[in-house]
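These notes concern the structure reproduced below.
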Amino acid sequence: MKKILAVLLSLGLLPALVFAGGAAQSTSPATGPAEFTATFLKNDWHGDPNNMEVLKKLEKEANVKVNWLIYPNATWNERKNLILNSGDLPDVFYMNAVNNADIERYGPQGLFVDLTQLVNQYAPRLVKAFDQVPVYKALCTSPTNGKMYVIARAAEREANTLISQIYFYKPWLDKLGLKMPTTYQEFYDVLKAFKTGDPNGNGKQDEFPFSFGNGEGTYSITQLFSMFGYGYQGFLATGNGGFFVNVNDKAVFVPGTDRYKEAVIWLHQLFAEGLLNEEDFATSDTKLLNSKCHADPVQVGSFVAFDSNIVCPAERLDDYVRLDVPLKGPHGDQIWVSAGNVANMGGTQFVMTNKAKDQPAIMRWLDAHFDPRTSIELFLGPVGTTLYDNNGMLDYIPTPAGLSYSEFRYGNCPVHVPLVIAGDDWGKTVQVMDEDAARLDWMRGPLKPYLTQKFIYGYANADESKWMLAQGKDITDYFRPIEAKWLIQGGIEQEWDSVQARLKAMGVDDYTKIMQSQIDRFAQYSK
């Protein structure tokens, strides 16, 4: 009976259902697929969603046609605000197109659809996924009113709790008679030698001692701050708590600490001497880092990334050696900040707006995401293109020459969409990635003693969101340009006291209490 029901649902042959208040209506034509619009936030690696086989597979199963509204991810926020204010909404905000603050603001106003009843009616595989990964349902549920406006992603991937890795180009270390650095001072000495020693041998000072990207914590200089006591990604903050780090389940406002001041003074020295590049700090995507790592002759002496294979050509991977133990800072601190237990979990991957006419058809499409194999293909690419079936275990097709793995993967699947891959699927349904195996060995071995801090996963309730969109945004708007100036131009010593007084007056203590409440709330979800 269930199989018959699933077939009838997928073909759109069940009678239309109408709920009171005009909620869920089926307006699918009997002879053709239902059509709806959805956002697609395209990063530097993404292919065209209209050509992605796994997205075509979803359409075919649900008997729908998705009209993709494609936007560059890097400039989406400005466009999003215009769309939300205009009321000219898509049927579906897809791929984190809105954030949790938007959900808590606009959901109760009726702009976004409460999915609770629709999930129970039309999404049996999603209901099963909630049972399979208990914390997942909490990530999809508003802490304000208990309604479900959003469907998140749950790809339990232990290796992803390690946000980033730092790599050094060993041929340059060998040529200059250097060893892998172990302290902040040795790190400085290595960068200085990379800058002045012409290690690529072309007679030009065109080397980049350390490269990074400032679009997200994975590629940022977060781990460099850790040498001074606290991991930090505040310069990336957009009002979502990036100024804070979780230390033993306590929220610490890092820019209010003396250790932060020391770190900024030291990092400014690196920028001033050209050991860190101002251009990297101003870049919001990884395109620049990729181009530098692909340059010929080699230009990058060290860099930070989720994994070297994301930004480096295959022929150089063996030459870039990972830093296995955190660098020791001036006070002896050795810390590696992680994402905690929410790496690849959470987000606002699917939000239905009140413009959606054929809600049952859209829900059928959503539920198709949660077929176990389809979830894997959405995250890693389709079988036959990026994956192959090795006697029931999905394994990886080698990355074609001239492409990075990210280009190969994102070119064929969206990745940042609703799906569930449980932790025990790795090694049972899909092969553990080579880089994941190496990362797991690393984090369970030499790195384990240093994983003492993590970033804060925040899902604010309505009152907290209101505060963060007002006073919290004021703090962010005030402090971000000051922080950038301190790092690039200097001046923190002269301005420290006045800025701290201003932050206090603006309500940074209240901000800390809000972030602490979110730590406490998520701890309850995770039990």
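Chain labels run A, B, ... following the order of the structure tokens; each chain numbers its residues from 1, and ligands are numbered from 1 in the order shown.
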### Residue neighbourhood Trp442 of chain A, 10 Å, only C-alpha atoms, exclusion window fewer than 4 positions, as a VMD selection string
chain A and resid 159 162 324 to 325 436 to 438 446 to 448
For the residues in that selection, give me C-alpha atoms as an mmCIF file, in the first residue's frame.
data_model
loop_
_atom_site.group_PDB
_atom_site.id
_atom_site.type_symbol
_atom_site.label_atom_id
_atom_site.label_comp_id
_atom_site.auth_asym_id
_atom_site.auth_seq_id
_atom_site.Cartn_x
_atom_site.Cartn_y
_atom_site.Cartn_z
ATOM 1 C CA ALA A 159 35.924 15.007 9.839
ATOM 2 C CA LEU A 162 37.844 20.399 11.849
ATOM 3 C CA ASP A 324 49.915 18.599 12.532
ATOM 4 C CA VAL A 325 50.114 20.381 15.901
ATOM 5 C CA ASP A 436 38.399 12.408 5.614
ATOM 6 C CA ALA A 437 40.256 9.279 6.693
ATOM 7 C CA ALA A 438 43.431 11.308 7.060
ATOM 8 C CA PRO A 446 47.896 14.307 17.565
ATOM 9 C CA LEU A 447 45.272 17.066 17.391
ATOM 10 C CA LYS A 448 42.862 15.755 20.026
#
### Task
Excluding segment 50-53 of chain A and residues on its chain fewer than 5 positions from it, collect all residues at most 8 Å away from it, counting only C-alpha atoms, and give them as number ranges by chain.
A: 68, 382, 411-413
Write out, as a short mmCIF file (atom, residue, chain, number, x, y, z; two decimals), in the first residue's frame, the residues just selected, with C-alpha atoms.
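And here is the file that came out, again_13.cif:
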data_model
loop_
_atom_site.label_atom_id
_atom_site.label_comp_id
_atom_site.auth_asym_id
_atom_site.auth_seq_id
_atom_site.Cartn_x
_atom_site.Cartn_y
_atom_site.Cartn_z
CA TRP A 68 15.89 28.24 -11.08
CA PRO A 382 25.77 11.76 -9.10
CA GLY A 411 30.11 21.38 -10.89
CA ASN A 412 27.79 18.39 -10.65
CA CYS A 413 25.80 18.80 -7.44
#
### Task
Write out as a PyMOL selection string each polymer residue whose atoms come within 10 Å of segment 345-351 of chain A, counting only C-alpha atoms; drop sequence neighbours fewer than 5 positions from it.
chain A and resi 38-39+90-100+102-103+107+112-115+135-140+148-157+366+416-421+457-459
What parts of segment 297-490 of chain A does DSSP call strand (DSSP E or B)? I'd like the answer as a short mmCIF file (atom, residue, chain, number, x, y, z; two decimals) with C-alpha atoms, in the first residue's frame.
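File out.cif, as written:
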data_model
loop_
_atom_site.label_atom_id
_atom_site.label_comp_id
_atom_site.auth_asym_id
_atom_site.auth_seq_id
_atom_site.Cartn_x
_atom_site.Cartn_y
_atom_site.Cartn_z
CA VAL A 300 52.26 30.28 -2.27
CA SER A 302 51.70 28.36 3.06
CA PHE A 303 47.96 28.65 3.22
CA VAL A 304 44.86 27.71 5.20
CA ALA A 305 41.97 25.74 3.71
CA TYR A 320 52.14 20.84 0.59
CA VAL A 321 52.60 19.38 4.09
CA ARG A 322 50.00 19.83 6.82
CA LYS A 328 52.49 27.62 20.29
CA VAL A 337 39.08 25.66 16.96
CA SER A 338 36.46 23.26 15.64
CA MET A 345 24.31 20.34 10.11
CA GLY A 346 21.82 23.15 10.29
CA GLY A 347 21.27 26.04 7.95
CA THR A 348 18.20 27.17 6.07
CA GLN A 349 18.41 24.96 3.02
CA PHE A 350 14.68 25.03 2.21
CA VAL A 351 12.08 27.66 3.09
CA MET A 352 8.69 27.83 1.36
CA THR A 353 7.16 31.28 0.93
CA ASP A 358 1.20 24.01 -5.31
CA VAL A 383 26.55 8.10 -9.57
CA LEU A 387 30.67 8.47 -7.89
CA TYR A 388 30.42 4.84 -8.96
CA ASP A 389 28.75 1.80 -7.41
CA ASN A 390 31.42 -0.58 -6.15
CA MET A 393 29.33 0.82 -1.78
CA LEU A 394 29.45 4.22 -3.45
CA ASP A 395 33.03 5.20 -4.22
CA TYR A 396 34.75 8.14 -5.89
CA VAL A 420 20.51 13.54 5.51
CA ILE A 421 23.66 11.44 5.64
CA TRP A 426 30.23 6.58 5.92
CA VAL A 430 29.46 5.55 0.83
CA GLN A 453 37.28 25.55 21.72
CA LYS A 454 34.56 25.64 19.10
#
#### Entry: Residue set, segment 225-271 of chain A restricted to helix (DSSP H, G or I), as a ChimeraX atom specification
/A:225-226,234-236,254-256,258-271
Go ahead and save the picked residues with N, CA, C and O atoms, as a compact mmCIF listing (two decimals), in the first residue's frame.
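Result file is result-v9.txt:
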# COMPACT_ATOMS: atom_id res chain seq x y z
N PHE A 225 44.78 33.48 15.23
CA PHE A 225 44.34 34.10 16.49
C PHE A 225 44.47 33.11 17.65
O PHE A 225 44.74 33.50 18.78
N SER A 226 44.28 31.82 17.35
CA SER A 226 44.28 30.81 18.42
C SER A 226 45.59 30.78 19.19
O SER A 226 45.61 30.39 20.37
N GLY A 234 35.67 36.99 14.03
CA GLY A 234 34.82 38.16 14.13
C GLY A 234 34.80 39.03 12.90
O GLY A 234 33.80 39.62 12.55
N PHE A 235 35.95 39.13 12.22
CA PHE A 235 36.01 39.98 11.03
C PHE A 235 35.15 39.42 9.91
O PHE A 235 34.95 40.06 8.89
N LEU A 236 34.60 38.22 10.10
CA LEU A 236 33.65 37.65 9.16
C LEU A 236 32.22 37.86 9.61
O LEU A 236 31.29 37.52 8.90
N VAL A 254 35.47 37.77 22.27
CA VAL A 254 36.92 37.79 22.09
C VAL A 254 37.48 39.20 21.98
O VAL A 254 38.53 39.50 22.58
N PRO A 255 36.85 40.14 21.25
CA PRO A 255 37.44 41.48 21.14
C PRO A 255 37.49 42.27 22.44
O PRO A 255 38.04 43.38 22.46
N GLY A 256 36.94 41.73 23.51
CA GLY A 256 37.04 42.41 24.81
C GLY A 256 38.17 41.88 25.66
O GLY A 256 38.32 42.30 26.81
N ASP A 258 42.33 40.95 26.54
CA ASP A 258 43.69 41.41 26.29
C ASP A 258 44.41 40.53 25.28
O ASP A 258 45.28 41.01 24.54
N ARG A 259 44.08 39.24 25.26
CA ARG A 259 44.73 38.34 24.31
C ARG A 259 44.38 38.72 22.86
O ARG A 259 45.21 38.59 21.96
N TYR A 260 43.15 39.16 22.65
CA TYR A 260 42.77 39.64 21.32
C TYR A 260 43.63 40.83 20.92
O TYR A 260 44.12 40.91 19.78
N LYS A 261 43.82 41.75 21.84
CA LYS A 261 44.63 42.93 21.57
C LYS A 261 46.04 42.52 21.16
O LYS A 261 46.59 43.04 20.17
N GLU A 262 46.63 41.58 21.88
CA GLU A 262 47.97 41.10 21.53
C GLU A 262 47.99 40.48 20.13
O GLU A 262 48.92 40.71 19.35
N ALA A 263 46.97 39.68 19.84
CA ALA A 263 46.92 39.02 18.53
C ALA A 263 46.84 40.03 17.41
O ALA A 263 47.53 39.89 16.38
N VAL A 264 46.02 41.06 17.57
CA VAL A 264 45.87 42.07 16.52
C VAL A 264 47.17 42.84 16.31
O VAL A 264 47.57 43.12 15.17
N ILE A 265 47.84 43.18 17.39
CA ILE A 265 49.12 43.89 17.26
C ILE A 265 50.11 43.03 16.47
O ILE A 265 50.81 43.53 15.56
N TRP A 266 50.18 41.74 16.76
CA TRP A 266 51.11 40.85 16.07
C TRP A 266 50.71 40.64 14.61
O TRP A 266 51.56 40.69 13.71
N LEU A 267 49.44 40.44 14.37
CA LEU A 267 48.98 40.21 13.00
C LEU A 267 49.16 41.47 12.16
O LEU A 267 49.48 41.39 10.96
N HIS A 268 48.98 42.63 12.76
CA HIS A 268 49.24 43.88 12.03
C HIS A 268 50.69 43.94 11.57
O HIS A 268 50.99 44.39 10.45
N GLN A 269 51.60 43.47 12.40
CA GLN A 269 53.01 43.45 12.00
C GLN A 269 53.19 42.59 10.75
O GLN A 269 53.93 42.96 9.84
N LEU A 270 52.50 41.45 10.70
CA LEU A 270 52.62 40.57 9.53
C LEU A 270 52.05 41.22 8.28
O LEU A 270 52.62 41.11 7.19
N PHE A 271 50.94 41.93 8.43
CA PHE A 271 50.39 42.66 7.28
C PHE A 271 51.34 43.77 6.85
O PHE A 271 51.60 43.97 5.65
### Task
Using only C-alpha atoms, find the one residue out of A:Pro108, A:Ala272, A:Glu59, A:Ser86 that sits nearest to Gly490 of chain A.
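Closest residue, counting only C-alpha atoms: A:Ala272.
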#### Entry: Proximity to Ala505 of chain A - best of A:Asn73, A:Gln185, A:Asn290, A:Gln471, only C-alpha atoms
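So, comparing all the options, the nearest one is A:Gln471.
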